[in-house]
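Shown next: upload-v8.txt, given as compact mmCIF, C-alpha atoms and all ligand atoms.
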# COMPACT_ATOMS: atom_id res chain seq x y z
CA MET F 1 22.32 -22.40 -5.91
CA SER F 2 21.69 -18.78 -6.94
CA LEU F 3 18.19 -17.50 -7.63
CA TYR F 4 19.06 -17.40 -11.33
CA GLU F 5 20.04 -21.08 -11.27
CA LYS F 6 16.89 -22.02 -9.37
CA LEU F 7 14.73 -20.18 -11.92
CA CYS F 8 16.59 -21.95 -14.75
CA ASP F 9 15.98 -25.24 -12.98
CA ILE F 10 12.23 -24.58 -13.06
CA LEU F 11 11.80 -22.99 -16.50
CA GLY F 12 14.89 -23.88 -18.48
CA GLU F 13 17.72 -21.52 -19.38
CA LYS F 14 16.00 -20.15 -22.47
CA CYS F 15 13.15 -18.77 -20.38
CA VAL F 16 15.13 -16.88 -17.75
CA PHE F 17 17.04 -13.63 -18.23
CA ALA F 18 19.16 -11.63 -15.79
CA ASP F 19 19.37 -7.82 -15.89
CA GLU F 20 16.79 -7.65 -18.63
CA PRO F 21 16.08 -4.08 -19.84
CA MET F 22 12.40 -3.42 -19.28
CA SER F 23 12.43 -0.82 -22.06
CA ARG F 24 12.25 -3.87 -24.36
CA HIS F 25 9.02 -5.06 -22.79
CA THR F 26 6.96 -1.89 -22.38
CA THR F 27 5.15 0.06 -25.08
CA PHE F 28 6.57 3.25 -23.50
CA ARG F 29 10.04 1.88 -24.40
CA ILE F 30 11.18 3.07 -20.98
CA GLY F 31 12.55 1.16 -17.98
CA GLY F 32 15.80 -0.04 -16.46
CA PRO F 33 16.74 -3.69 -15.93
CA ALA F 34 14.70 -6.27 -14.05
CA ASP F 35 17.04 -8.37 -11.89
CA TYR F 36 15.35 -11.47 -13.30
CA PHE F 37 12.89 -11.87 -16.13
CA ALA F 38 11.07 -15.22 -16.23
CA VAL F 39 8.85 -16.46 -19.03
CA PRO F 40 6.83 -19.50 -17.95
CA CYS F 41 4.90 -21.51 -20.51
CA ASP F 42 2.31 -23.17 -18.27
CA THR F 43 0.43 -22.93 -14.98
CA GLU F 44 2.88 -25.23 -13.25
CA GLY F 45 5.77 -22.93 -14.22
CA VAL F 46 3.94 -19.87 -12.88
CA LYS F 47 3.14 -21.67 -9.65
CA LYS F 48 6.71 -22.84 -9.11
CA VAL F 49 8.20 -19.41 -9.84
CA ILE F 50 5.88 -17.58 -7.42
CA GLY F 51 6.53 -20.33 -4.84
CA LEU F 52 10.27 -19.81 -5.23
CA CYS F 53 9.92 -16.02 -4.94
CA LYS F 54 8.01 -16.48 -1.68
CA GLU F 55 10.54 -18.92 -0.32
CA GLU F 56 13.41 -16.58 -1.17
CA GLU F 57 11.44 -13.49 -0.08
CA VAL F 58 12.00 -11.84 -3.44
CA PRO F 59 9.24 -9.63 -4.91
CA TYR F 60 7.67 -10.60 -8.21
CA TYR F 61 5.55 -8.73 -10.73
CA ILE F 62 3.28 -10.10 -13.44
CA LEU F 63 3.77 -8.54 -16.87
CA GLY F 64 1.64 -8.91 -19.98
CA ASN F 65 2.50 -6.76 -23.00
CA GLY F 66 3.63 -3.84 -20.83
CA SER F 67 1.15 -1.47 -22.50
CA ASN F 68 -0.05 0.12 -19.27
CA LEU F 69 3.19 0.22 -17.41
CA LEU F 70 5.96 2.64 -16.46
CA VAL F 71 9.11 0.99 -15.11
CA GLY F 72 11.63 3.11 -13.19
CA ASP F 73 14.98 4.04 -14.75
CA LYS F 74 16.87 2.01 -12.15
CA GLY F 75 14.81 -1.05 -12.96
CA TYR F 76 13.03 -3.64 -10.82
CA ARG F 77 14.57 -5.49 -7.89
CA GLY F 78 12.92 -8.88 -8.11
CA VAL F 79 11.48 -11.25 -10.69
CA VAL F 80 9.30 -10.01 -13.53
CA ILE F 81 7.11 -12.91 -14.67
CA GLN F 82 5.95 -12.36 -18.21
CA ILE F 83 2.68 -14.03 -19.25
CA TYR F 84 2.58 -13.32 -22.95
CA LYS F 85 3.52 -15.29 -26.07
CA ASN F 86 4.38 -18.53 -24.25
CA MET F 87 0.86 -18.71 -22.82
CA SER F 88 -1.28 -17.37 -25.62
CA GLY F 89 -3.43 -20.21 -26.96
CA ILE F 90 -6.85 -19.29 -28.37
CA HIS F 91 -9.70 -21.44 -29.70
CA ALA F 92 -13.37 -20.91 -30.42
CA GLU F 93 -16.23 -23.31 -29.70
CA GLY F 94 -19.78 -22.27 -30.52
CA ASN F 95 -20.28 -18.73 -29.20
CA ARG F 96 -17.34 -18.92 -26.84
CA ILE F 97 -13.66 -18.15 -27.15
CA TYR F 98 -11.26 -19.91 -24.80
CA ALA F 99 -7.97 -18.02 -24.46
CA GLN F 100 -4.89 -18.07 -22.29
CA ALA F 101 -3.93 -14.92 -20.42
CA GLY F 102 -1.01 -14.07 -22.70
CA ALA F 103 -3.16 -13.88 -25.85
CA LEU F 104 -3.27 -10.39 -27.35
CA LEU F 105 -6.71 -8.81 -27.54
CA SER F 106 -6.14 -8.12 -31.26
CA ARG F 107 -5.63 -11.86 -31.87
CA ILE F 108 -8.75 -12.74 -29.90
CA ALA F 109 -10.66 -10.18 -31.97
CA SER F 110 -9.38 -11.81 -35.19
CA GLU F 111 -10.45 -15.23 -33.92
CA ALA F 112 -13.91 -13.81 -33.12
CA LEU F 113 -14.12 -12.35 -36.62
CA SER F 114 -13.09 -15.60 -38.28
CA HIS F 115 -15.93 -17.37 -36.42
CA SER F 116 -18.42 -14.54 -37.13
CA LEU F 117 -18.76 -13.75 -33.44
CA LYS F 118 -19.62 -10.19 -32.46
CA GLY F 119 -19.10 -8.24 -29.24
CA PHE F 120 -15.31 -8.14 -29.03
CA GLU F 121 -14.71 -5.45 -31.66
CA PHE F 122 -14.24 -2.75 -29.00
CA ALA F 123 -11.05 -4.49 -27.79
CA SER F 124 -9.44 -5.12 -31.17
CA GLY F 125 -7.22 -2.01 -31.00
CA ILE F 126 -6.23 -2.23 -27.32
CA PRO F 127 -2.58 -3.35 -27.43
CA GLY F 128 -2.66 -5.54 -24.31
CA THR F 129 -2.98 -9.18 -23.34
CA LEU F 130 -6.13 -10.82 -22.04
CA GLY F 131 -4.58 -11.03 -18.54
CA GLY F 132 -3.83 -7.30 -18.42
CA ALA F 133 -7.28 -6.53 -19.82
CA VAL F 134 -9.09 -8.64 -17.20
CA MET F 135 -7.02 -7.09 -14.43
CA MET F 136 -7.85 -3.54 -15.62
CA ASN F 137 -11.34 -4.31 -16.98
CA ALA F 138 -10.02 -2.69 -20.14
CA GLY F 139 -12.57 -0.86 -22.22
CA ALA F 140 -13.04 1.37 -25.24
CA TYR F 141 -15.81 2.85 -27.39
CA GLY F 142 -18.60 1.81 -25.03
CA GLY F 143 -17.38 -1.76 -24.57
CA GLU F 144 -15.54 -3.29 -21.63
CA MET F 145 -14.25 -6.71 -20.63
CA LYS F 146 -17.08 -7.06 -18.10
CA GLN F 147 -19.59 -7.39 -20.95
CA VAL F 148 -17.85 -10.33 -22.61
CA LEU F 149 -16.17 -12.35 -19.86
CA GLU F 150 -17.99 -15.49 -18.78
CA SER F 151 -15.35 -16.83 -16.39
CA VAL F 152 -11.67 -16.47 -15.58
CA VAL F 153 -9.18 -18.98 -14.21
CA VAL F 154 -6.85 -17.31 -11.71
CA MET F 155 -4.00 -18.30 -9.43
CA THR F 156 -4.00 -16.88 -5.92
CA PRO F 157 -0.74 -15.65 -4.35
CA GLU F 158 -0.74 -18.97 -2.45
CA GLY F 159 -0.65 -20.88 -5.74
CA GLU F 160 -4.26 -22.10 -5.63
CA VAL F 161 -5.97 -22.24 -9.04
CA LYS F 162 -9.66 -21.37 -9.14
CA THR F 163 -12.34 -20.37 -11.61
CA LEU F 164 -14.30 -17.19 -11.02
CA ARG F 165 -17.58 -16.36 -12.76
CA GLU F 166 -18.04 -12.86 -14.19
CA ASP F 167 -20.17 -11.84 -11.19
CA GLU F 168 -17.34 -12.84 -8.84
CA LEU F 169 -14.72 -10.74 -10.65
CA GLU F 170 -15.80 -7.36 -9.15
CA LEU F 171 -15.16 -5.64 -12.46
CA GLY F 172 -15.42 -1.86 -12.21
CA TYR F 173 -13.81 1.12 -13.93
CA ARG F 174 -10.20 -0.05 -14.49
CA THR F 175 -10.37 -2.47 -11.57
CA SER F 176 -11.22 -6.06 -10.64
CA ILE F 177 -10.79 -8.64 -7.91
CA VAL F 178 -7.59 -9.64 -9.73
CA ALA F 179 -6.12 -6.23 -8.93
CA LYS F 180 -7.47 -6.18 -5.38
CA LYS F 181 -6.21 -9.63 -4.40
CA ASN F 182 -3.06 -9.88 -6.51
CA TYR F 183 -4.42 -12.82 -8.43
CA ILE F 184 -2.74 -14.00 -11.61
CA VAL F 185 -4.99 -14.48 -14.63
CA LEU F 186 -4.25 -17.78 -16.39
CA GLU F 187 -7.10 -18.11 -18.88
CA ALA F 188 -10.63 -16.93 -19.57
CA VAL F 189 -13.81 -17.83 -21.37
CA ILE F 190 -15.27 -15.03 -23.51
CA ARG F 191 -18.92 -15.29 -24.50
CA LEU F 192 -19.95 -13.54 -27.72
CA GLU F 193 -22.94 -13.55 -30.07
CA PRO F 194 -23.30 -14.80 -33.60
CA GLY F 195 -22.94 -11.94 -36.06
CA ASP F 196 -22.21 -11.07 -39.66
CA ALA F 197 -18.50 -11.24 -40.54
CA GLY F 198 -18.78 -8.24 -42.91
CA ASP F 199 -20.39 -6.08 -40.21
CA ILE F 200 -17.85 -7.18 -37.60
CA ARG F 201 -14.95 -6.41 -39.94
CA SER F 202 -16.25 -2.98 -40.90
CA TYR F 203 -16.91 -2.03 -37.26
CA MET F 204 -13.36 -3.07 -36.37
CA GLU F 205 -12.01 -1.00 -39.27
CA GLU F 206 -14.10 2.00 -38.22
CA LEU F 207 -12.69 1.82 -34.67
CA LYS F 208 -9.16 1.42 -36.03
CA GLU F 209 -9.54 4.56 -38.11
CA LYS F 210 -10.76 6.45 -35.05
CA ARG F 211 -7.67 5.36 -33.11
CA VAL F 212 -5.27 6.19 -35.92
CA SER F 213 -6.77 9.65 -36.43
CA LYS F 214 -7.12 10.58 -32.74
CA GLN F 215 -4.28 8.81 -30.91
CA PRO F 216 -0.51 9.42 -31.20
CA LEU F 217 0.19 5.83 -32.29
CA GLU F 218 3.34 6.99 -34.09
CA TYR F 219 5.06 7.47 -30.68
CA PRO F 220 5.69 5.04 -27.82
CA SER F 221 3.22 5.56 -24.96
CA ALA F 222 1.21 3.63 -22.40
CA GLY F 223 -2.18 4.79 -23.67
CA SER F 224 -4.30 7.06 -21.47
CA THR F 225 -2.00 8.34 -18.76
CA PHE F 226 -4.73 9.31 -16.31
CA LYS F 227 -8.02 7.73 -15.33
CA ARG F 228 -11.21 9.43 -16.49
CA PRO F 229 -12.43 11.50 -13.52
CA GLU F 230 -16.16 11.14 -12.97
CA GLY F 231 -18.02 13.62 -15.16
CA TYR F 232 -14.90 14.77 -17.07
CA PHE F 233 -12.39 13.69 -19.70
CA ALA F 234 -8.76 13.78 -18.60
CA GLY F 235 -7.60 14.91 -22.06
CA ARG F 236 -10.01 17.85 -22.10
CA LEU F 237 -9.00 18.98 -18.59
CA ILE F 238 -5.33 18.87 -19.62
CA GLU F 239 -6.04 20.81 -22.80
CA ASP F 240 -8.09 23.41 -20.89
CA ALA F 241 -5.16 23.85 -18.48
CA GLY F 242 -3.07 24.94 -21.46
CA LEU F 243 -0.83 21.87 -21.40
CA ARG F 244 -1.10 20.58 -24.97
CA GLY F 245 2.46 19.77 -26.04
CA PHE F 246 3.86 20.47 -22.55
CA GLN F 247 7.24 18.78 -22.32
CA VAL F 248 9.69 17.60 -19.65
CA GLY F 249 12.86 16.38 -21.33
CA ASN F 250 11.70 13.94 -23.99
CA ALA F 251 8.36 13.17 -22.34
CA GLN F 252 5.49 15.19 -23.76
CA VAL F 253 1.74 15.68 -23.48
CA SER F 254 0.73 14.58 -26.96
CA GLN F 255 -0.18 17.38 -29.34
CA LYS F 256 -2.63 15.02 -30.99
CA HIS F 257 -4.41 13.74 -27.85
CA CYS F 258 -3.77 15.45 -24.51
CA GLY F 259 -4.77 12.31 -22.59
CA PHE F 260 -1.57 10.60 -23.78
CA VAL F 261 1.96 11.18 -22.56
CA ILE F 262 4.36 10.18 -25.31
CA ASN F 263 8.04 9.28 -25.42
CA ARG F 264 9.55 11.49 -28.12
CA GLY F 265 12.70 9.35 -28.07
CA GLY F 266 14.93 8.54 -25.13
CA ALA F 267 12.53 9.84 -22.44
CA THR F 268 13.28 8.63 -18.92
CA ALA F 269 10.80 7.38 -16.35
CA ALA F 270 11.82 10.30 -14.13
CA GLU F 271 10.82 12.74 -16.90
CA VAL F 272 7.45 11.02 -17.32
CA ILE F 273 6.78 11.14 -13.57
CA SER F 274 7.79 14.78 -13.31
CA LEU F 275 5.55 15.62 -16.27
CA MET F 276 2.61 13.69 -14.79
CA GLU F 277 2.97 15.46 -11.44
CA GLN F 278 3.17 18.89 -13.02
CA VAL F 279 0.15 18.12 -15.21
CA ALA F 280 -1.89 16.87 -12.24
CA ASP F 281 -0.98 19.97 -10.17
CA LYS F 282 -1.78 22.44 -12.94
CA VAL F 283 -5.07 20.73 -13.81
CA GLU F 284 -6.07 20.79 -10.14
CA GLU F 285 -5.19 24.48 -9.90
CA VAL F 286 -7.27 25.34 -12.97
CA SER F 287 -10.25 23.00 -12.59
CA GLY F 288 -10.20 21.73 -9.01
CA VAL F 289 -10.08 18.12 -10.29
CA ARG F 290 -7.17 15.90 -9.21
CA LEU F 291 -6.16 13.47 -11.95
CA GLU F 292 -5.22 9.95 -10.87
CA PRO F 293 -2.72 7.91 -12.88
CA GLU F 294 -4.08 5.03 -14.93
CA VAL F 295 -0.60 3.83 -15.87
CA LYS F 296 0.92 1.40 -13.33
CA ARG F 297 4.39 2.09 -11.96
CA ILE F 298 6.95 -0.37 -10.76
CA GLY F 299 10.60 -0.36 -9.83
CA GLU F 300 13.10 2.23 -8.71
CA PHE F 301 12.93 5.72 -10.21
P1 LIG R 1 0.62 -4.76 -18.68
O1 LIG R 1 0.85 -3.36 -19.05
O2 LIG R 1 1.72 -5.73 -18.90
O3 LIG R 1 0.19 -4.81 -17.15
C1 LIG R 1 -0.83 -3.94 -16.69
C2 LIG R 1 -1.32 -4.46 -15.33
O4 LIG R 1 -1.95 -5.73 -15.53
C3 LIG R 1 -0.17 -4.69 -14.36
O5 LIG R 1 -0.62 -4.35 -13.06
C4 LIG R 1 0.10 -6.19 -14.46
O6 LIG R 1 0.62 -6.73 -13.27
C5 LIG R 1 -1.31 -6.72 -14.72
N1 LIG R 1 -1.30 -7.98 -15.47
C6 LIG R 1 -0.85 -8.22 -16.72
N2 LIG R 1 -1.04 -9.52 -17.05
C7 LIG R 1 -1.63 -10.10 -15.97
C8 LIG R 1 -2.07 -11.42 -15.66
N3 LIG R 1 -1.95 -12.45 -16.52
N4 LIG R 1 -2.61 -11.66 -14.44
C9 LIG R 1 -2.72 -10.66 -13.54
N5 LIG R 1 -2.34 -9.39 -13.76
C10 LIG R 1 -1.79 -9.12 -14.97
N6 LIG R 1 -6.60 0.46 -22.25
C11 LIG R 1 -7.95 0.46 -22.29
O7 LIG R 1 -8.58 -0.02 -21.32
N7 LIG R 1 -8.63 0.97 -23.35
C12 LIG R 1 -7.99 1.48 -24.44
O8 LIG R 1 -8.65 1.92 -25.37
C13 LIG R 1 -6.57 1.50 -24.43
N8 LIG R 1 -5.89 2.01 -25.47
C14 LIG R 1 -4.52 1.99 -25.47
C15 LIG R 1 -3.83 2.52 -26.55
C16 LIG R 1 -2.44 2.53 -26.57
C17 LIG R 1 -1.71 3.10 -27.75
C18 LIG R 1 -1.72 1.96 -25.48
C19 LIG R 1 -0.23 1.93 -25.49
C20 LIG R 1 -2.41 1.45 -24.38
C21 LIG R 1 -3.81 1.46 -24.36
N9 LIG R 1 -4.53 0.95 -23.27
C22 LIG R 1 -5.89 0.95 -23.29
C23 LIG R 1 -3.82 0.46 -22.08
C24 LIG R 1 -3.48 -1.05 -22.09
O9 LIG R 1 -3.32 -1.53 -23.41
C25 LIG R 1 -4.52 -1.89 -21.37
O10 LIG R 1 -4.65 -1.47 -20.01
C26 LIG R 1 -4.18 -3.38 -21.40
O11 LIG R 1 -5.26 -4.08 -20.85
C27 LIG R 1 -2.92 -3.72 -20.61
O12 LIG R 1 -2.56 -5.06 -20.93
P2 LIG R 1 -1.04 -5.54 -20.87
O13 LIG R 1 -1.01 -6.99 -21.18
O14 LIG R 1 -0.19 -4.69 -21.72
O15 LIG R 1 -0.73 -5.31 -19.34

With the file now loaded, output its structure as structure tokens.
Ligand code: FAD
Amino acid sequence: MSLYEKLCDILGEKCVFADEPMSRHTTFRIGGPADYFAVPCDTEGVKKVIGLCKEEEVPYYILGNGSNLLVGDKGYRGVVIQIYKNMSGIHAEGNRIYAQAGALLSRIASEALSHSLKGFEFASGIPGTLGGAVMMNAGAYGGEMKQVLESVVVMTPEGEVKTLREDELELGYRTSIVAKKNYIVLEAVIRLEPGDAGDIRSYMEELKEKRVSKQPLEYPSAGSTFKRPEGYFAGRLIEDAGLRGFQVGNAQVSQKHCGFVINRGGATAAEVISLMEQVADKVEEVSGVRLEPEVKRIGEF
């Protein structure tokens, strides 16, 4: 049996795709084909697919909403396992929200609002899944996942499922134990506080307006391209290096927010990488600070 047939055996034909263009699954709208694209709908499916990949010695990569990801133009040799809509259940009980890893942060924020729970507003405009957000300890406007996570259910690369408390997650700036140990996030418990629905809604709207006015949401991107160097803002360093609007092919440092690289239409991964390298070099030359990428890269460029 081919790998494709084995994957279909586990997940069913409707949940397995061959040569799937990754540009369809990343907010950058960039990326060549993944050899295989598998969309499990439960823990058992995830476990069997990673078990199969190990057996066949084929690499795999976990994908959420692809909002922090640059995939190479030649695509990914292996199996991309997408944990998104098929594993996105959410429900609230008391002050807690129980959500599967594929749930979008915006949907969790709406659930929190409908139960008058406050504390998740910061994440309402981050276009990722809960799994991607736990992995990155996503944060915005003074909030971060660390403040709201009570526990997370993960799968180890060996297929063991375990629950980690917040203090076991090693959440730091854009990092976690999930990133360090290649765990897969399956679900999480988010603990919030009772609040006033009107206040929660208006805070969410205020943050949305800030995003719309400051970020180039009208173009495909992967959010902040570089991590915030200690004591600086990446966007400001890029601006001060004279790189506002700097362009390589169709990849461009946003005119609106220098911290974002945008795809002006048809940009390639190679153009984005070349732009990022030139930006990092120039910023280092001008300020002495070396910018590190925040956006993850996979595949062949
Ligand atoms: P993906 O991009 O699919 O994956 C990112 C990483 O997470 C990969 O390494 C992947 O393997 C891993 N991953 C995904 N799902 C799982 C899982 N279930 N288990 C284990 N690992 C997993 N980020 C912020 O922190 N703050 C912001 O304010 C912010 N604003 C943004 C604005 C825009 C317009 C865009 C495009 C992006 C922004 N981002 C921001 C970046 C991004 O949305 C977050 O990093 C988000 O958490 C990524 O989630 P994702 O599901 O899209 O992950």

- Task: Determine, counting only C-alpha atoms, which protein, DNA and RNA residues have an atom within 7 Å of an atom of range 15-22 of chain F; residues of the same chain fewer than 2 positions away are not included. Present the result as a list of chain:residue names.
- Result: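 Everything that qualifies: F:Leu7, F:Cys8, F:Leu11, F:Gly12, F:Glu13, F:Arg24, F:His25, F:Thr26, F:Ile30, F:Gly31, F:Gly32, F:Pro33, F:Ala34, F:Asp35, F:Tyr36, F:Phe37, F:Ala38, F:Val39, F:Pro40, F:Val71.
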
- Item | Nearby residues, ligand LIG 1 (chain R), 6 Å, only C-alpha atoms and all ligand atoms, as a VMD selection string | chain F and resid 27 61 to 69 83 101 126 to 129 131 to 133 135 to 136 138 to 140 183 to 186 217 221 to 223 296

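If you look at CA of Thr225 in chain F and CA of Gly249 in chain F, they are 17.1 Å away from each other.
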
- Query: Of the candidates F:Arg29, F:Val148, F:Leu291, F:Leu164, which one gets nearest to Ala251 in chain F if we count all atoms listed in the file?
  - Reply: F:Arg29

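The smallest atom-to-atom distance between Lys48 in chain F and any of F:Lys146, F:Glu111, F:Glu160, F:His91, using all atoms listed in the file, is found for F:Glu160.
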
- One decimal, Å: what's the distance from CA of Met145 in chain F over to CA of Glu166 in chain F, could you say? 9.7 Å

- Message: Let me make sure I understand: among F:Thr156, F:Ser224, F:Ser254, F:Ser2, which one has the smallest atom-to-atom distance to Glu292 in chain F if we use all atoms listed in the file?
- Response: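 The closest residue to Glu292 in chain F is F:Ser224.
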
- Determine, counting only C-alpha atoms, which protein, DNA and RNA residues have an atom within 9 Å of an atom of Cys53 in chain F; residues of the same chain fewer than 6 positions away are not included. Present the result as number ranges by chain. F: 3, 59-60, 78-79

- Exercise: residues within 9 Å of coordinate (15.2, -24.4, -5.6), counting only C-alpha atoms, as a PyMOL selection string: chain F and resi 1-3+5-7+9-10+52+55

- Query: Between CA of Val286 in chain F and CA of Tyr219 in chain F, what is the distance, to one decimal in Å?
  - Reply: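 One can read the CA of Val286 in chain F to CA of Tyr219 in chain F distance as 28.0 Å.
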
- Task: Show which residues sit within 7 Å of Val248 in chain F, as a PyMOL selection string. Count all atoms listed in the file, and ignore same-chain residues fewer than 4 positions away.
- Result: chain F and resi 252+271+275

Can you write out as a Markdown table which residues of range 176-236 of chain F fall within 7 Å of range 92-95 of chain F, alongside each residue's closest atom pair and its distance in Å to one decimal, counting all atoms listed in the file and ordering rows by chain and ascending residue number?
| residue | atom | partner | partner_atom | distance |
| --- | --- | --- | --- | --- |
| F:Arg191 | CA | F:Asn95 | CA | 6.0 |
| F:Leu192 | CA | F:Asn95 | CA | 5.4 |
| F:Glu193 | CA | F:Asn95 | CA | 5.9 |
| F:Pro194 | CA | F:Asn95 | CA | 6.6 |

Just C-alpha atoms for this one: save the residues we selected as a compact mmCIF listing (two decimals), in the frame of the given file.
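Final file, out-v7.txt:
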# COMPACT_ATOMS: atom_id res chain seq x y z
CA ARG F 191 -18.92 -15.29 -24.50
CA LEU F 192 -19.95 -13.54 -27.72
CA GLU F 193 -22.94 -13.55 -30.07
CA PRO F 194 -23.30 -14.80 -33.60

- Counting only C-alpha atoms, the residue among F:Asn250, F:Gln100, F:Ser274, F:Thr43 that lies closest to Val189 in chain F is F:Gln100

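Considering all atoms listed in the file, the residue among F:Gly143, F:Val178, F:Arg297, F:Ser287 positioned nearest to Ala270 in chain F is F:Arg297.
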
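Closest approach to Gly72 in chain F among F:Tyr84, F:Phe28, F:Phe122, F:Tyr141 is made by F:Phe28 (distances from only C-alpha atoms).
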
List the spatial neighbours of Glu170 in chain F as a PDB file with C-alpha atoms, in the frame of the given file - criterion: any atom at most 10 Å away, only C-alpha atoms, same-chain residues fewer than 6 positions off excluded.
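Result written to around.pdb:
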ATOM      1  CA  ASN F 137     -11.340  -4.310 -16.980  1.00  0.00           C
ATOM      2  CA  LYS F 146     -17.080  -7.060 -18.100  1.00  0.00           C
ATOM      3  CA  SER F 176     -11.220  -6.060 -10.640  1.00  0.00           C
ATOM      4  CA  ILE F 177     -10.790  -8.640  -7.910  1.00  0.00           C
ATOM      5  CA  VAL F 178      -7.590  -9.640  -9.730  1.00  0.00           C
ATOM      6  CA  ALA F 179      -6.120  -6.230  -8.930  1.00  0.00           C
ATOM      7  CA  LYS F 180      -7.470  -6.180  -5.380  1.00  0.00           C
TER       8      LYS F 180
END

Scan for residues within 10 Å of the point (-6.7, 21.5, -21.3) in the coordinates of the file, using only C-alpha atoms, and reply as a CSV table (one decimal) with C-alpha atoms, in the coordinates of the input.
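Okay, part33.csv is ready:
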chain,number,residue,atom,x,y,z
F,233,PHE,CA,-12.4,13.7,-19.7
F,234,ALA,CA,-8.8,13.8,-18.6
F,235,GLY,CA,-7.6,14.9,-22.1
F,236,ARG,CA,-10.0,17.8,-22.1
F,237,LEU,CA,-9.0,19.0,-18.6
F,238,ILE,CA,-5.3,18.9,-19.6
F,239,GLU,CA,-6.0,20.8,-22.8
F,240,ASP,CA,-8.1,23.4,-20.9
F,241,ALA,CA,-5.2,23.8,-18.5
F,242,GLY,CA,-3.1,24.9,-21.5
F,243,LEU,CA,-0.8,21.9,-21.4
F,244,ARG,CA,-1.1,20.6,-25.0
F,258,CYS,CA,-3.8,15.4,-24.5
F,259,GLY,CA,-4.8,12.3,-22.6
F,279,VAL,CA,0.2,18.1,-15.2
F,282,LYS,CA,-1.8,22.4,-12.9
F,283,VAL,CA,-5.1,20.7,-13.8
F,286,VAL,CA,-7.3,25.3,-13.0
F,287,SER,CA,-10.2,23.0,-12.6

Emit as lines of an AutoDock Vina configuration file the padded axis-aligned box for all listed atoms of range 210-229 of chain F, 8 Å per side, with centre and edge lengths in Å to one decimal.
center_x = -3.4
center_y = 7.6
center_z = -25.0
size_x = 34.1
size_y = 23.9
size_z = 38.9
